[in-house]
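Source file: my_file_1.pdb. Holds: PDB, C-alpha atoms.
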ATOM      1  CA  GLN E   1      15.945  37.061   6.488  1.00  0.00           C
ATOM      2  CA  VAL E   2      16.415  33.596   5.052  1.00  0.00           C
ATOM      3  CA  ARG E   3      13.711  32.526   2.609  1.00  0.00           C
ATOM      4  CA  LEU E   4      12.859  28.865   2.381  1.00  0.00           C
ATOM      5  CA  VAL E   5      11.691  27.326  -0.897  1.00  0.00           C
ATOM      6  CA  GLU E   6       9.332  24.358  -1.131  1.00  0.00           C
ATOM      7  CA  SER E   7       8.866  22.144  -4.162  1.00  0.00           C
ATOM      8  CA  GLY E   8       7.359  18.806  -5.088  1.00  0.00           C
ATOM      9  CA  GLY E   9       3.668  19.469  -4.685  1.00  0.00           C
ATOM     10  CA  GLY E  10       1.105  18.220  -7.167  1.00  0.00           C
ATOM     11  CA  THR E  11      -2.055  16.191  -7.656  1.00  0.00           C
ATOM     12  CA  VAL E  12      -2.229  12.510  -6.811  1.00  0.00           C
ATOM     13  CA  GLN E  13      -4.914   9.892  -6.359  1.00  0.00           C
ATOM     14  CA  PRO E  14      -5.807   8.579  -2.914  1.00  0.00           C
ATOM     15  CA  GLY E  15      -3.177   6.121  -1.772  1.00  0.00           C
ATOM     16  CA  GLY E  16      -0.511   7.839  -3.832  1.00  0.00           C
ATOM     17  CA  SER E  17       2.797   9.365  -2.770  1.00  0.00           C
ATOM     18  CA  LEU E  18       4.609  12.674  -3.025  1.00  0.00           C
ATOM     19  CA  ASN E  19       7.998  13.858  -1.835  1.00  0.00           C
ATOM     20  CA  LEU E  20       8.243  17.514  -0.863  1.00  0.00           C
ATOM     21  CA  SER E  21      11.553  19.348  -0.635  1.00  0.00           C
ATOM     22  CA  CYS E  22      12.482  22.439   1.329  1.00  0.00           C
ATOM     23  CA  THR E  23      15.718  24.183   0.478  1.00  0.00           C
ATOM     24  CA  THR E  24      17.034  26.336   3.280  1.00  0.00           C
ATOM     25  CA  GLY E  25      19.885  28.218   1.609  1.00  0.00           C
ATOM     26  CA  VAL E  26      22.642  29.259   3.984  1.00  0.00           C
ATOM     27  CA  LEU E  27      20.686  28.476   7.141  1.00  0.00           C
ATOM     28  CA  PRO E  28      22.881  26.544   9.618  1.00  0.00           C
ATOM     29  CA  LEU E  29      20.561  23.595  10.084  1.00  0.00           C
ATOM     30  CA  GLU E  30      22.335  22.307  13.166  1.00  0.00           C
ATOM     31  CA  TYR E  31      20.925  25.277  15.107  1.00  0.00           C
ATOM     32  CA  TYR E  32      17.365  25.048  13.788  1.00  0.00           C
ATOM     33  CA  ALA E  33      14.299  22.917  13.678  1.00  0.00           C
ATOM     34  CA  VAL E  34      12.563  22.724  10.322  1.00  0.00           C
ATOM     35  CA  GLY E  35       8.873  22.018  10.376  1.00  0.00           C
ATOM     36  CA  TRP E  36       6.244  21.224   7.817  1.00  0.00           C
ATOM     37  CA  PHE E  37       2.859  22.857   8.200  1.00  0.00           C
ATOM     38  CA  ARG E  38      -0.261  22.722   6.079  1.00  0.00           C
ATOM     39  CA  GLN E  39      -3.376  24.785   5.583  1.00  0.00           C
ATOM     40  CA  ALA E  40      -6.516  23.447   3.974  1.00  0.00           C
ATOM     41  CA  PRO E  41      -9.207  25.779   2.615  1.00  0.00           C
ATOM     42  CA  GLY E  42     -11.256  27.236   5.436  1.00  0.00           C
ATOM     43  CA  LYS E  43      -9.048  25.718   8.127  1.00  0.00           C
ATOM     44  CA  GLU E  44      -6.270  26.962  10.347  1.00  0.00           C
ATOM     45  CA  ARG E  45      -2.683  26.092   9.580  1.00  0.00           C
ATOM     46  CA  GLU E  46      -1.533  22.997  11.452  1.00  0.00           C
ATOM     47  CA  GLY E  47       1.784  21.381  12.203  1.00  0.00           C
ATOM     48  CA  VAL E  48       2.506  18.178  10.302  1.00  0.00           C
ATOM     49  CA  SER E  49       6.067  17.254  11.171  1.00  0.00           C
ATOM     50  CA  SER E  50       9.349  18.677  12.327  1.00  0.00           C
ATOM     51  CA  ILE E  51      12.974  17.689  12.532  1.00  0.00           C
ATOM     52  CA  ASN E  52      15.626  18.841  14.969  1.00  0.00           C
ATOM     53  CA  GLY E  53      18.541  19.908  12.794  1.00  0.00           C
ATOM     54  CA  TRP E  54      21.084  19.005  15.464  1.00  0.00           C
ATOM     55  CA  SER E  55      19.916  15.607  16.642  1.00  0.00           C
ATOM     56  CA  GLY E  56      17.770  14.530  13.708  1.00  0.00           C
ATOM     57  CA  THR E  57      14.894  13.717  16.052  1.00  0.00           C
ATOM     58  CA  THR E  58      11.562  13.864  14.253  1.00  0.00           C
ATOM     59  CA  TYR E  59       8.064  14.739  15.402  1.00  0.00           C
ATOM     60  CA  TYR E  60       4.741  14.019  13.714  1.00  0.00           C
ATOM     61  CA  ALA E  61       1.113  14.928  14.076  1.00  0.00           C
ATOM     62  CA  ASP E  62      -1.111  11.982  14.932  1.00  0.00           C
ATOM     63  CA  SER E  63      -2.929  12.382  11.630  1.00  0.00           C
ATOM     64  CA  VAL E  64       0.200  11.617   9.584  1.00  0.00           C
ATOM     65  CA  GLN E  65       2.154   9.321  11.921  1.00  0.00           C
ATOM     66  CA  GLY E  66       3.205   6.216  10.035  1.00  0.00           C
ATOM     67  CA  ARG E  67       2.459   7.730   6.625  1.00  0.00           C
ATOM     68  CA  PHE E  68       4.765  10.753   6.443  1.00  0.00           C
ATOM     69  CA  THR E  69       8.519  10.807   6.975  1.00  0.00           C
ATOM     70  CA  THR E  70      10.693  13.890   7.306  1.00  0.00           C
ATOM     71  CA  SER E  71      14.418  13.719   6.747  1.00  0.00           C
ATOM     72  CA  ARG E  72      17.341  16.026   6.209  1.00  0.00           C
ATOM     73  CA  ASP E  73      20.363  16.356   3.984  1.00  0.00           C
ATOM     74  CA  ASN E  74      22.672  18.745   5.785  1.00  0.00           C
ATOM     75  CA  ALA E  75      25.160  18.672   2.915  1.00  0.00           C
ATOM     76  CA  ASP E  76      22.798  20.540   0.615  1.00  0.00           C
ATOM     77  CA  ASN E  77      20.635  22.140   3.307  1.00  0.00           C
ATOM     78  CA  THR E  78      17.465  20.395   2.234  1.00  0.00           C
ATOM     79  CA  ILE E  79      14.624  18.971   4.293  1.00  0.00           C
ATOM     80  CA  TYR E  80      12.267  16.393   2.791  1.00  0.00           C
ATOM     81  CA  LEU E  81       8.740  15.293   3.543  1.00  0.00           C
ATOM     82  CA  GLN E  82       7.974  11.875   2.059  1.00  0.00           C
ATOM     83  CA  MET E  83       4.222  11.358   2.039  1.00  0.00           C
ATOM     84  CA  GLU E  84       2.737   7.911   1.527  1.00  0.00           C
ATOM     85  CA  GLY E  85      -0.827   6.653   1.603  1.00  0.00           C
ATOM     86  CA  LEU E  86      -2.208  10.081   0.827  1.00  0.00           C
ATOM     87  CA  LYS E  87      -5.836  10.780   1.669  1.00  0.00           C
ATOM     88  CA  PRO E  88      -8.207  13.476   0.389  1.00  0.00           C
ATOM     89  CA  GLU E  89      -7.986  15.132   3.798  1.00  0.00           C
ATOM     90  CA  ASP E  90      -4.261  15.684   3.216  1.00  0.00           C
ATOM     91  CA  THR E  91      -5.164  18.220   0.534  1.00  0.00           C
ATOM     92  CA  ALA E  92      -3.664  21.562   1.554  1.00  0.00           C
ATOM     93  CA  VAL E  93      -0.946  24.093   0.899  1.00  0.00           C
ATOM     94  CA  TYR E  94       2.197  22.773   2.558  1.00  0.00           C
ATOM     95  CA  TYR E  95       4.746  25.151   4.037  1.00  0.00           C
ATOM     96  CA  CYS E  96       8.160  24.578   5.517  1.00  0.00           C
ATOM     97  CA  ALA E  97       9.480  26.818   8.254  1.00  0.00           C
ATOM     98  CA  ALA E  98      12.609  27.123  10.358  1.00  0.00           C
ATOM     99  CA  GLY E  99      12.889  28.064  14.004  1.00  0.00           C
ATOM    100  CA  PRO E 100      15.955  28.385  16.237  1.00  0.00           C
ATOM    101  CA  LEU E 101      16.366  25.458  18.608  1.00  0.00           C
ATOM    102  CA  SER E 102      17.285  27.853  21.398  1.00  0.00           C
ATOM    103  CA  ARG E 103      13.788  29.329  21.406  1.00  0.00           C
ATOM    104  CA  LEU E 104      11.616  26.470  20.181  1.00  0.00           C
ATOM    105  CA  LEU E 105       9.116  25.268  22.770  1.00  0.00           C
ATOM    106  CA  ALA E 106       6.789  23.094  20.716  1.00  0.00           C
ATOM    107  CA  TYR E 107       7.904  21.525  17.476  1.00  0.00           C
ATOM    108  CA  LEU E 108       4.464  21.374  15.839  1.00  0.00           C
ATOM    109  CA  LYS E 109       3.305  24.858  16.768  1.00  0.00           C
ATOM    110  CA  GLU E 110       4.061  27.661  14.352  1.00  0.00           C
ATOM    111  CA  ASP E 111       4.613  30.383  16.947  1.00  0.00           C
ATOM    112  CA  ASP E 112       8.366  29.887  17.299  1.00  0.00           C
ATOM    113  CA  TYR E 113       9.151  29.450  13.626  1.00  0.00           C
ATOM    114  CA  GLU E 114      10.718  32.518  12.056  1.00  0.00           C
ATOM    115  CA  CYS E 115      11.461  31.803   8.397  1.00  0.00           C
ATOM    116  CA  TRP E 116       8.786  30.529   6.038  1.00  0.00           C
ATOM    117  CA  GLY E 117       8.496  29.359   2.479  1.00  0.00           C
ATOM    118  CA  GLN E 118       5.836  30.350   0.001  1.00  0.00           C
ATOM    119  CA  GLY E 119       4.044  27.016   0.118  1.00  0.00           C
ATOM    120  CA  THR E 120       3.345  24.243  -2.360  1.00  0.00           C
ATOM    121  CA  GLN E 121      -0.079  22.836  -3.199  1.00  0.00           C
ATOM    122  CA  VAL E 122      -0.848  19.177  -2.560  1.00  0.00           C
ATOM    123  CA  THR E 123      -4.133  17.854  -3.900  1.00  0.00           C
ATOM    124  CA  VAL E 124      -5.362  14.324  -3.294  1.00  0.00           C
ATOM    125  CA  SER E 125      -8.299  13.496  -5.498  1.00  0.00           C
ATOM    126  CA  SER E 126      -9.645  10.703  -7.635  1.00  0.00           C
TER     127      SER E 126
END
What does this structure look like when you write it as structure tokens?
Amino acid sequence: QVRLVESGGGTVQPGGSLNLSCTTGVLPLEYYAVGWFRQAPGKEREGVSSINGWSGTTYYADSVQGRFTTSRDNADNTIYLQMEGLKPEDTAVYYCAAGPLSRLLAYLKEDDYECWGQGTQVTVSS
């Protein structure tokens, strides 16, 4: 099974920015969606964003719309999550995951995602 690897997490002040990366190895991105999910302490994991590897269409949770941007670089099989205007409530472990487009029903729900990374911590604090 393909293992995804996230990087780029860290600690920033409110209003700051971070750029997360997700390397997907040999995964043929054109047949997958790659989503970003996050889990805060004591809360369930939630979908943040996703990108269709074929069309490049992106999807965002209402809570991050306009602040987060996900993009892809198919040449090096990397998906990015650029986060701007970070808030304390964005503090969480962020995971990337890949799911086959042929079986994906909802881009921001984790049920149809098969391959997951180990997560990277994002902390927003003054």
When you look at E:Val122 with a cut-off of 9 Å (counting all atoms listed in the file), what residues show up, excluding the ones that are within fewer than 3 positions of it in the same chain? I need them as a PyMOL selection string.
chain E and resi 8-12+18+90-94
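Each of E:Gly119, E:Pro88, E:Gly53, E:Gly66 was compared to E:Tyr32 using all atoms listed in the file, and E:Gly53 turns out to be the nearest.
Interatomic distance, atom CA of E:Gln39 against atom CA of E:Lys109: 13.0 Å.
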Between E:Arg3, E:Arg103, E:Arg72, E:Lys87, which is the closest to E:Ser21 once you count all atoms listed in the file?
E:Arg72
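If you count all atoms listed in the file and draw a sphere of 10 Å around (6.4, 15.5, 12.1), the protein and nucleic acid residues inside it come out as Val34, Gly35, Trp36, Phe37, Gly47, Val48, Ser49, Ser50, Ile51, Thr57, Thr58, Tyr59, Tyr60, Ala61, Asp62, Ser63, Val64, Gln65, Phe68, Thr69, Thr70, Ser71, Leu81, Tyr107 and Leu108 of chain E.
If all atoms listed in the file are the atoms counted, then among E:Ala97, E:Gln118, E:Ala106, E:Gly85 the closest residue to E:Gly15 is E:Gly85.
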Name the residues in contact with E:Leu29 at a cut-off of 9 Å, using all atoms listed in the file, excluding same-chain residues fewer than 4 positions from it; report them as a ChimeraX atom specification.
/E:24,33-34,52-54,74,77,98
As a check of understanding, name the residues that the PyMOL selection byres ((chain E and resi 13) around 7) selects in the supplied structure, as a list in words.
Val12, Pro14, Gly15, Gly16, Val124, Ser125 and Ser126 of chain E
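Put simply, the PyMOL selection byres ((chain E and resi 113-117) around 8) on this file hits Gln1, Val2, Arg3, Leu4, Val5, Glu6, Tyr95, Cys96, Ala97, Ala98, Gly99, Pro100, Leu104, Glu110, Asp111, Asp112, Gln118 and Gly119 of chain E.
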Quick one, how far is atom CA of E:Pro28 from atom CA of E:Glu84?
28.6 Å
Expressed in Å, the length from atom CA of E:Arg38 to atom CA of E:Ser55 is 23.9 Å
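Proximity to E:Gln82 was assessed for E:Tyr31, E:Thr120, E:Leu105, E:Leu20 counting only C-alpha atoms; the smallest distance is recorded for E:Leu20.
Using only C-alpha atoms for every distance, the candidate list E:Ala75, E:Asn19, E:Pro41, E:Arg67 yields E:Asn19 as the residue closest to E:Ser7.
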